[in-house]
$ cat upload19.pdb   # PDB, C-alpha atoms
ATOM      1  CA  MET U  28      16.039  -1.539  -8.461
ATOM      2  CA  GLU U  29      12.784  -3.294  -7.828
ATOM      3  CA  GLN U  30      10.821  -2.182  -4.772
ATOM      4  CA  MET U  31       9.993  -4.679  -2.066
ATOM      5  CA  ILE U  32       6.406  -5.826  -1.858
ATOM      6  CA  SER U  33       4.447  -6.871   1.193
ATOM      7  CA  ALA U  34       3.160 -10.368   1.875
ATOM      8  CA  ALA U  35      -0.349  -9.206   0.929
ATOM      9  CA  GLU U  36       0.933  -7.731  -2.340
ATOM     10  CA  TRP U  37       2.669 -11.057  -3.041
ATOM     11  CA  GLN U  38      -0.708 -12.809  -2.767
ATOM     12  CA  VAL U  39      -2.208 -10.446  -5.344
ATOM     13  CA  MET U  40       0.760 -10.871  -7.680
ATOM     14  CA  ARG U  41       0.512 -14.663  -7.448
ATOM     15  CA  VAL U  42      -3.060 -14.476  -8.772
ATOM     16  CA  ILE U  43      -1.977 -12.243 -11.653
ATOM     17  CA  TRP U  44       1.132 -14.296 -12.445
ATOM     18  CA  ALA U  45      -1.049 -17.402 -12.540
ATOM     19  CA  CYS U  46      -3.519 -15.829 -14.951
ATOM     20  CA  PRO U  47      -2.481 -12.514 -16.524
ATOM     21  CA  GLY U  48      -5.295 -10.335 -17.790
ATOM     22  CA  ARG U  49      -7.743 -10.904 -14.977
ATOM     23  CA  THR U  50     -10.192  -8.169 -14.085
ATOM     24  CA  SER U  51     -10.313  -6.736 -10.579
ATOM     25  CA  SER U  52     -13.526  -8.722  -9.977
ATOM     26  CA  GLN U  53     -11.796 -11.967 -10.954
ATOM     27  CA  ILE U  54      -8.811 -11.143  -8.756
ATOM     28  CA  ILE U  55     -11.093 -10.319  -5.832
ATOM     29  CA  THR U  56     -13.023 -13.569  -6.268
ATOM     30  CA  ALA U  57      -9.830 -15.628  -6.453
ATOM     31  CA  LEU U  58      -8.361 -14.042  -3.332
ATOM     32  CA  GLN U  59     -11.542 -14.080  -1.258
ATOM     33  CA  GLU U  60     -11.644 -17.864  -1.595
ATOM     34  CA  GLY U  61      -8.466 -18.094   0.486
ATOM     35  CA  VAL U  62      -8.191 -14.909   2.549
ATOM     36  CA  ASP U  63     -10.652 -12.795   4.485
ATOM     37  CA  TRP U  64     -10.110  -9.489   2.673
ATOM     38  CA  GLN U  65     -12.630  -6.920   1.600
ATOM     39  CA  ALA U  66     -12.804  -5.907  -2.063
ATOM     40  CA  THR U  67     -11.558  -2.421  -1.142
ATOM     41  CA  THR U  68      -8.434  -3.912   0.438
ATOM     42  CA  ILE U  69      -7.652  -5.850  -2.725
ATOM     43  CA  LYS U  70      -8.254  -2.775  -4.901
ATOM     44  CA  THR U  71      -5.894  -0.804  -2.654
ATOM     45  CA  LEU U  72      -3.246  -3.504  -3.099
ATOM     46  CA  LEU U  73      -3.733  -3.403  -6.878
ATOM     47  CA  GLY U  74      -3.201   0.368  -6.789
ATOM     48  CA  ARG U  75      -0.024   0.010  -4.739
ATOM     49  CA  LEU U  76       1.338  -2.608  -7.126
ATOM     50  CA  ARG U  77       0.656  -0.304 -10.075
ATOM     51  CA  LYS U  78       2.516   2.532  -8.318
ATOM     52  CA  LYS U  79       5.446   0.198  -7.663
ATOM     53  CA  ALA U  80       5.437  -0.728 -11.379
ATOM     54  CA  TYR U  81       4.605  -4.386 -10.814
ATOM     55  CA  LEU U  82       1.323  -4.180 -12.726
ATOM     56  CA  GLU U  83      -0.225  -2.398 -15.607
ATOM     57  CA  MET U  84      -3.923  -1.918 -16.088
ATOM     58  CA  LYS U  85      -5.340  -1.996 -19.606
ATOM     59  CA  LYS U  86      -8.840  -1.073 -20.644
ATOM     60  CA  GLU U  87     -10.296  -3.775 -22.832
ATOM     61  CA  GLY U  88     -13.843  -3.052 -23.851
ATOM     62  CA  SER U  89     -15.701  -1.973 -20.740
ATOM     63  CA  GLN U  90     -13.330  -3.730 -18.343
ATOM     64  CA  TYR U  91      -9.891  -3.095 -16.933
ATOM     65  CA  ARG U  92      -7.485  -5.999 -16.935
ATOM     66  CA  TYR U  93      -4.283  -6.378 -14.938
ATOM     67  CA  TYR U  94      -1.007  -7.626 -16.367
ATOM     68  CA  PRO U  95       2.311  -8.205 -14.607
ATOM     69  CA  LEU U  96       5.212  -5.952 -15.548
ATOM     70  CA  VAL U  97       7.622  -8.170 -13.607
ATOM     71  CA  GLU U  98       7.914 -11.905 -14.195
ATOM     72  CA  GLU U  99       7.560 -14.117 -11.124
ATOM     73  CA  ARG U 100      10.872 -15.908 -11.649
ATOM     74  CA  GLU U 101      12.703 -12.603 -12.148
ATOM     75  CA  HIS U 102      11.144 -11.143  -9.012
ATOM     76  CA  VAL U 103      12.044 -14.189  -6.915
ATOM     77  CA  GLN U 104      15.635 -14.077  -8.185
ATOM     78  CA  ILE U 105      15.946 -10.380  -7.332
ATOM     79  CA  GLN U 106      14.550 -10.936  -3.833
ATOM     80  CA  LEU U 107      16.877 -13.875  -3.225
ATOM     81  CA  GLN U 108      19.870 -11.877  -4.468
ATOM     82  CA  ASN U 109      18.871  -9.021  -2.145
ATOM     83  CA  LEU U 110      18.806 -11.483   0.745
ATOM     84  CA  LEU U 111      22.216 -12.906  -0.143
ATOM     85  CA  ASP U 112      23.638  -9.394  -0.559
ATOM     86  CA  THR U 113      22.491  -8.350   2.906
ATOM     87  CA  MET U 114      23.755 -11.306   4.915
ATOM     88  CA  CYS U 115      27.199 -12.632   5.694
ATOM     89  CA  SER U 116      28.433 -14.816   2.824
ATOM     90  CA  THR U 117      29.724 -17.378   5.331
ATOM     91  CA  LYS U 118      26.070 -18.139   6.172
ATOM     92  CA  ASN U 119      24.962 -19.025   2.609
ATOM     93  CA  GLY U 120      25.122 -22.767   3.292
ATOM     94  CA  GLU U 121      23.158 -22.331   6.514
ATOM     95  CA  LEU U 122      20.482 -20.441   4.575
ATOM     96  CA  VAL U 123      20.135 -23.245   2.019
ATOM     97  CA  GLY U 124      19.994 -25.779   4.859
ATOM     98  CA  GLN U 125      17.224 -23.829   6.557
ATOM     99  CA  LEU U 126      15.269 -23.683   3.299
ATOM    100  CA  LEU U 127      15.602 -27.453   2.959
ATOM    101  CA  GLU U 128      14.366 -27.978   6.521
ATOM    102  CA  MET U 129      11.506 -25.513   6.257
ATOM    103  CA  GLY U 130      10.196 -26.340   2.776
ATOM    104  CA  GLN U 131       8.602 -29.328   1.182
ATOM    105  CA  PHE U 132      10.305 -30.829  -1.862
ATOM    106  CA  SER U 133       9.507 -33.622  -4.260
ATOM    107  CA  ARG U 134      12.018 -36.373  -4.955
ATOM    108  CA  SER U 135      12.696 -34.832  -8.363
ATOM    109  CA  ASP U 136      13.306 -31.414  -6.751
ATOM    110  CA  LEU U 137      15.809 -32.980  -4.357
ATOM    111  CA  GLN U 138      17.511 -34.860  -7.193
ATOM    112  CA  VAL U 139      17.939 -31.609  -9.140
ATOM    113  CA  LEU U 140      19.398 -29.961  -6.022
ATOM    114  CA  ALA U 141      21.751 -32.885  -5.445
ATOM    115  CA  THR U 142      22.940 -32.631  -9.054
ATOM    116  CA  GLN U 143      23.490 -28.876  -8.723
ATOM    117  CA  ILE U 144      25.519 -29.422  -5.550
ATOM    118  CA  ALA U 145      27.538 -32.215  -7.157
ATOM    119  CA  ASN U 146      28.299 -29.973 -10.156
ATOM    120  CA  GLN U 147      29.452 -27.068  -7.967
ATOM    121  CA  LEU U 148      31.407 -29.111  -5.445
ATOM    122  CA  PRO U 149      34.638 -29.604  -7.491
ATOM    123  CA  ASN U 150      35.110 -25.833  -7.968
ATOM    124  CA  ALA U 151      33.818 -24.663  -4.604
ATOM    125  CA  PRO U 152      36.303 -22.905  -2.303
ATOM    126  CA  HIS U 153      37.087 -24.595   1.009
ATOM    127  CA  SER U 154      35.644 -21.589   2.826
ATOM    128  CA  LEU U 155      34.091 -18.219   2.041
ATOM    129  CA  GLN U 156      35.516 -14.930   3.185
ATOM    130  CA  CYS U 157      33.334 -12.578   5.181
ATOM    131  CA  SER U 158      32.985  -9.177   3.552
ATOM    132  CA  CYS U 159      30.750  -7.646   6.227
ATOM    133  CA  LEU U 160      31.631  -4.429   7.950
ATOM    134  CA  ALA U 161      33.022  -4.789  11.452
ATOM    135  CA  GLY U 162      30.139  -5.219  13.859
ATOM    136  CA  GLN U 163      27.702  -6.642  11.277
ATOM    137  CA  CYS U 164      28.405 -10.281  12.056
ATOM    138  CA  THR U 165      30.359 -12.495  14.411
ATOM    139  CA  CYS U 166      33.115 -13.321  11.894
ATOM    140  CA  HIS U 167      35.080 -10.196  12.755
ATOM    141  CA  ILE U 168      34.744 -10.835  16.463
ATOM    142  CA  MET U 169      35.935 -14.408  16.047
ATOM    143  CA  ARG U 170      38.966 -13.203  14.055
ATOM    144  CA  GLY U 171      39.720 -10.576  16.701
ATOM    145  CA  LYS U 172      39.092  -7.620  14.365
ATOM    146  CA  SER U 173      36.428  -6.069  16.516
ATOM    147  CA  SER U 174      35.288  -6.190  20.092
ATOM    148  CA  ILE U 175      31.850  -4.644  19.964
TER     149      ILE U 175
END
$ encode --input "upload19.pdb" --output "structure tokens"
Amino acid sequence: MEQMISAAEWQVMRVIWACPGRTSSQIITALQEGVDWQATTIKTLLGRLRKKAYLEMKKEGSQYRYYPLVEEREHVQIQLQNLLDTMCSTKNGELVGQLLEMGQFSRSDLQVLATQIANQLPNAPHSLQCSCLAGQCTCHIMRGKSSI
């Protein structure tokens, strides 16, 4: 199972996903344009990401270059699945709604989402069953299974 990464580590990974094979100097330059971090902080983050097996460092000539070991799309999917696995399934729709309210989307993004919803709608159950343990959500309380 993939380890979680911090928000700062995400920023480093985004630079490397955008341009694999960058040197630490190039990564530092890219990040310092948008965040107020010292070079040592960024090098520490690179070391942590290597330990977590997100990055590999290869010596090419006299320089070390960083390459992702995890694809961005794969990592995002794993993190989203972890989120879905840790929350009550009856709140999945609410989560998607919150994402729609919080994010910014192009018309084409929204059209793709509308098509995905339209495709899933005919086979969607009328409701989802809660599979949480008693006391983990309000579903059990509302059904009278628990009175915590």
$ resolve_selection --input "upload19.pdb" --expression "the PyMOL selection byres ((chain U and resi 117) around 12)" --output "list of chain:residue names"
U:Leu111, U:Asp112, U:Thr113, U:Met114, U:Cys115, U:Ser116, U:Lys118, U:Asn119, U:Gly120, U:Glu121, U:Leu122, U:Val123, U:Pro152, U:His153, U:Ser154, U:Leu155, U:Gln156, U:Cys157, U:Ser158, U:Cys159, U:Cys164, U:Thr165, U:Cys166, U:His167
$ residues_around --input "upload19.pdb" --residues "U:Glu99" --least-positions-apart "3" --cutoff "10 Å" --atoms "only C-alpha atoms" --output "ChimeraX atom specification"
/U:37,40-41,43-45,95-96,102-105
$ atom_distance --input "upload19.pdb" --atom1 "atom CA of U:Glu60" --atom2 "atom CA of U:Leu73"
17.3 Å
$ residues_around --input "upload19.pdb" --residues "U:Lys86" --least-positions-apart "3" --cutoff "12 Å" --atoms "only C-alpha atoms" --output "mmCIF file with C-alpha atoms, in the coordinates of the input"
data_model
loop_
_atom_site.group_PDB
_atom_site.id
_atom_site.type_symbol
_atom_site.label_atom_id
_atom_site.label_comp_id
_atom_site.auth_asym_id
_atom_site.auth_seq_id
_atom_site.Cartn_x
_atom_site.Cartn_y
_atom_site.Cartn_z
ATOM 1 C CA GLY U 48 -5.295 -10.335 -17.790
ATOM 2 C CA ARG U 49 -7.743 -10.904 -14.977
ATOM 3 C CA THR U 50 -10.192 -8.169 -14.085
ATOM 4 C CA SER U 51 -10.313 -6.736 -10.579
ATOM 5 C CA GLU U 83 -0.225 -2.398 -15.607
ATOM 6 C CA SER U 89 -15.701 -1.973 -20.740
ATOM 7 C CA GLN U 90 -13.330 -3.730 -18.343
ATOM 8 C CA TYR U 91 -9.891 -3.095 -16.933
ATOM 9 C CA ARG U 92 -7.485 -5.999 -16.935
ATOM 10 C CA TYR U 93 -4.283 -6.378 -14.938
ATOM 11 C CA TYR U 94 -1.007 -7.626 -16.367
#
$ closest_residue --input "upload19.pdb" --among "U:Leu110, U:Ala161, U:Met31, U:Leu140" --to "U:Lys79" --atoms "only C-alpha atoms"
U:Met31
$ atom_distance --input "upload19.pdb" --atom1 "atom CA of U:Thr67" --atom2 "atom CA of U:Gln53"
13.7 Å
$ atom_distance --input "upload19.pdb" --atom1 "atom CA of U:Ala66" --atom2 "atom CA of U:Ser52"
8.4 Å
$ axis_aligned_box --input "upload19.pdb" --around "stretch 145-157 of chain U" --padding-each-side "6 Å" --output "lines of an AutoDock Vina configuration file"
center_x = 32.3
center_y = -22.4
center_z = -2.5
size_x = 21.5
size_y = 31.6
size_z = 27.3
$ resolve_selection --input "upload19.pdb" --expression "the PyMOL selection byres ((chain U and resi 75) around 12)" --output "ChimeraX atom specification"
/U:30-33,35-37,39-40,68-74,76-83
$ decode --input "upload19.pdb" --residues "stretch 141-171 of chain U" --atoms "N, CA, C and O atoms" --output "mmCIF file, in the first residue's frame"
data_model
loop_
_atom_site.group_PDB
_atom_site.id
_atom_site.type_symbol
_atom_site.label_atom_id
_atom_site.label_comp_id
_atom_site.auth_asym_id
_atom_site.auth_seq_id
_atom_site.Cartn_x
_atom_site.Cartn_y
_atom_site.Cartn_z
ATOM 1 N N ALA U 141 -21.387 15.031 -16.613
ATOM 2 C CA ALA U 141 -22.812 14.810 -16.868
ATOM 3 C C ALA U 141 -23.026 13.517 -17.652
ATOM 4 O O ALA U 141 -23.957 12.756 -17.357
ATOM 5 N N THR U 142 -22.162 13.242 -18.597
ATOM 6 C CA THR U 142 -22.256 11.998 -19.375
ATOM 7 C C THR U 142 -21.993 10.786 -18.487
ATOM 8 O O THR U 142 -22.706 9.778 -18.569
ATOM 9 N N GLN U 143 -20.986 10.876 -17.622
ATOM 10 C CA GLN U 143 -20.696 9.776 -16.702
ATOM 11 C C GLN U 143 -21.884 9.509 -15.782
ATOM 12 O O GLN U 143 -22.252 8.353 -15.542
ATOM 13 N N ILE U 144 -22.496 10.559 -15.277
ATOM 14 C CA ILE U 144 -23.664 10.404 -14.405
ATOM 15 C C ILE U 144 -24.818 9.785 -15.182
ATOM 16 O O ILE U 144 -25.468 8.841 -14.707
ATOM 17 N N ALA U 145 -25.056 10.279 -16.381
ATOM 18 C CA ALA U 145 -26.149 9.748 -17.208
ATOM 19 C C ALA U 145 -25.928 8.265 -17.518
ATOM 20 O O ALA U 145 -26.884 7.483 -17.526
ATOM 21 N N ASN U 146 -24.695 7.866 -17.740
ATOM 22 C CA ASN U 146 -24.386 6.460 -18.034
ATOM 23 C C ASN U 146 -24.579 5.567 -16.819
ATOM 24 O O ASN U 146 -24.959 4.405 -16.943
ATOM 25 N N GLN U 147 -24.298 6.083 -15.628
ATOM 26 C CA GLN U 147 -24.422 5.278 -14.407
ATOM 27 C C GLN U 147 -25.835 5.265 -13.841
ATOM 28 O O GLN U 147 -26.213 4.336 -13.129
ATOM 29 N N LEU U 148 -26.607 6.275 -14.142
ATOM 30 C CA LEU U 148 -27.933 6.425 -13.562
ATOM 31 C C LEU U 148 -28.855 5.216 -13.763
ATOM 32 O O LEU U 148 -29.486 4.768 -12.794
ATOM 33 N N PRO U 149 -28.957 4.618 -14.956
ATOM 34 C CA PRO U 149 -29.885 3.495 -15.137
ATOM 35 C C PRO U 149 -29.589 2.286 -14.240
ATOM 36 O O PRO U 149 -30.505 1.562 -13.861
ATOM 37 N N ASN U 150 -28.331 2.062 -13.892
ATOM 38 C CA ASN U 150 -27.966 0.893 -13.084
ATOM 39 C C ASN U 150 -27.681 1.224 -11.620
ATOM 40 O O ASN U 150 -27.305 0.338 -10.856
ATOM 41 N N ALA U 151 -27.858 2.464 -11.250
ATOM 42 C CA ALA U 151 -27.565 2.873 -9.879
ATOM 43 C C ALA U 151 -28.658 2.372 -8.933
ATOM 44 O O ALA U 151 -29.844 2.408 -9.260
ATOM 45 N N PRO U 152 -28.258 1.906 -7.742
ATOM 46 C CA PRO U 152 -29.276 1.496 -6.759
ATOM 47 C C PRO U 152 -30.029 2.732 -6.261
ATOM 48 O O PRO U 152 -29.536 3.860 -6.354
ATOM 49 N N HIS U 153 -31.211 2.516 -5.728
ATOM 50 C CA HIS U 153 -32.001 3.635 -5.195
ATOM 51 C C HIS U 153 -31.337 4.236 -3.964
ATOM 52 O O HIS U 153 -31.475 5.429 -3.705
ATOM 53 N N SER U 154 -30.640 3.412 -3.207
ATOM 54 C CA SER U 154 -29.904 3.907 -2.041
ATOM 55 C C SER U 154 -28.721 2.990 -1.797
ATOM 56 O O SER U 154 -28.678 1.861 -2.297
ATOM 57 N N LEU U 155 -27.760 3.476 -1.037
ATOM 58 C CA LEU U 155 -26.583 2.690 -0.673
ATOM 59 C C LEU U 155 -26.718 2.251 0.776
ATOM 60 O O LEU U 155 -27.268 2.986 1.606
ATOM 61 N N GLN U 156 -26.207 1.086 1.056
ATOM 62 C CA GLN U 156 -26.232 0.573 2.418
ATOM 63 C C GLN U 156 -24.966 0.994 3.157
ATOM 64 O O GLN U 156 -23.869 0.905 2.616
ATOM 65 N N CYS U 157 -25.139 1.421 4.364
ATOM 66 C CA CYS U 157 -24.012 1.779 5.228
ATOM 67 C C CYS U 157 -23.329 0.497 5.686
ATOM 68 O O CYS U 157 -23.990 -0.454 6.093
ATOM 69 N N SER U 158 -22.013 0.472 5.592
ATOM 70 C CA SER U 158 -21.268 -0.689 6.080
ATOM 71 C C SER U 158 -20.315 -0.289 7.203
ATOM 72 O O SER U 158 -19.381 -1.014 7.521
ATOM 73 N N CYS U 159 -20.544 0.871 7.797
ATOM 74 C CA CYS U 159 -19.712 1.354 8.891
ATOM 75 C C CYS U 159 -19.975 0.531 10.149
ATOM 76 O O CYS U 159 -21.050 -0.063 10.309
ATOM 77 N N LEU U 160 -19.001 0.541 11.026
ATOM 78 C CA LEU U 160 -19.202 -0.063 12.330
ATOM 79 C C LEU U 160 -20.116 0.838 13.148
ATOM 80 O O LEU U 160 -20.143 2.054 12.944
ATOM 81 N N ALA U 161 -20.837 0.255 14.072
ATOM 82 C CA ALA U 161 -21.709 1.056 14.936
ATOM 83 C C ALA U 161 -20.883 2.133 15.627
ATOM 84 O O ALA U 161 -19.800 1.867 16.123
ATOM 85 N N GLY U 162 -21.361 3.338 15.610
ATOM 86 C CA GLY U 162 -20.662 4.445 16.243
ATOM 87 C C GLY U 162 -19.759 5.229 15.308
ATOM 88 O O GLY U 162 -19.246 6.271 15.687
ATOM 89 N N GLN U 163 -19.564 4.742 14.060
ATOM 90 C CA GLN U 163 -18.698 5.462 13.122
ATOM 91 C C GLN U 163 -19.453 6.515 12.318
ATOM 92 O O GLN U 163 -18.837 7.372 11.707
ATOM 93 N N CYS U 164 -20.749 6.397 12.244
ATOM 94 C CA CYS U 164 -21.531 7.379 11.498
ATOM 95 C C CYS U 164 -22.931 7.448 12.093
ATOM 96 O O CYS U 164 -23.273 6.689 12.980
ATOM 97 N N THR U 165 -23.739 8.330 11.572
ATOM 98 C CA THR U 165 -25.076 8.531 12.107
ATOM 99 C C THR U 165 -26.089 7.546 11.533
ATOM 100 O O THR U 165 -27.216 7.482 12.023
ATOM 101 N N CYS U 166 -25.748 6.791 10.513
ATOM 102 C CA CYS U 166 -26.688 5.847 9.912
ATOM 103 C C CYS U 166 -27.215 4.858 10.935
ATOM 104 O O CYS U 166 -28.407 4.575 10.971
ATOM 105 N N HIS U 167 -26.319 4.320 11.743
ATOM 106 C CA HIS U 167 -26.729 3.317 12.733
ATOM 107 C C HIS U 167 -27.636 3.928 13.794
ATOM 108 O O HIS U 167 -28.577 3.289 14.244
ATOM 109 N N ILE U 168 -27.349 5.150 14.176
ATOM 110 C CA ILE U 168 -28.174 5.829 15.156
ATOM 111 C C ILE U 168 -29.572 6.061 14.597
ATOM 112 O O ILE U 168 -30.567 5.821 15.253
ATOM 113 N N MET U 169 -29.618 6.480 13.322
ATOM 114 C CA MET U 169 -30.904 6.764 12.700
ATOM 115 C C MET U 169 -31.719 5.489 12.515
ATOM 116 O O MET U 169 -32.933 5.523 12.529
ATOM 117 N N ARG U 170 -31.064 4.344 12.363
ATOM 118 C CA ARG U 170 -31.780 3.075 12.215
ATOM 119 C C ARG U 170 -32.053 2.436 13.576
ATOM 120 O O ARG U 170 -32.626 1.366 13.657
ATOM 121 N N GLY U 171 -31.572 3.071 14.642
ATOM 122 C CA GLY U 171 -31.838 2.546 15.982
ATOM 123 C C GLY U 171 -30.900 1.414 16.389
ATOM 124 O O GLY U 171 -31.155 0.734 17.368
#
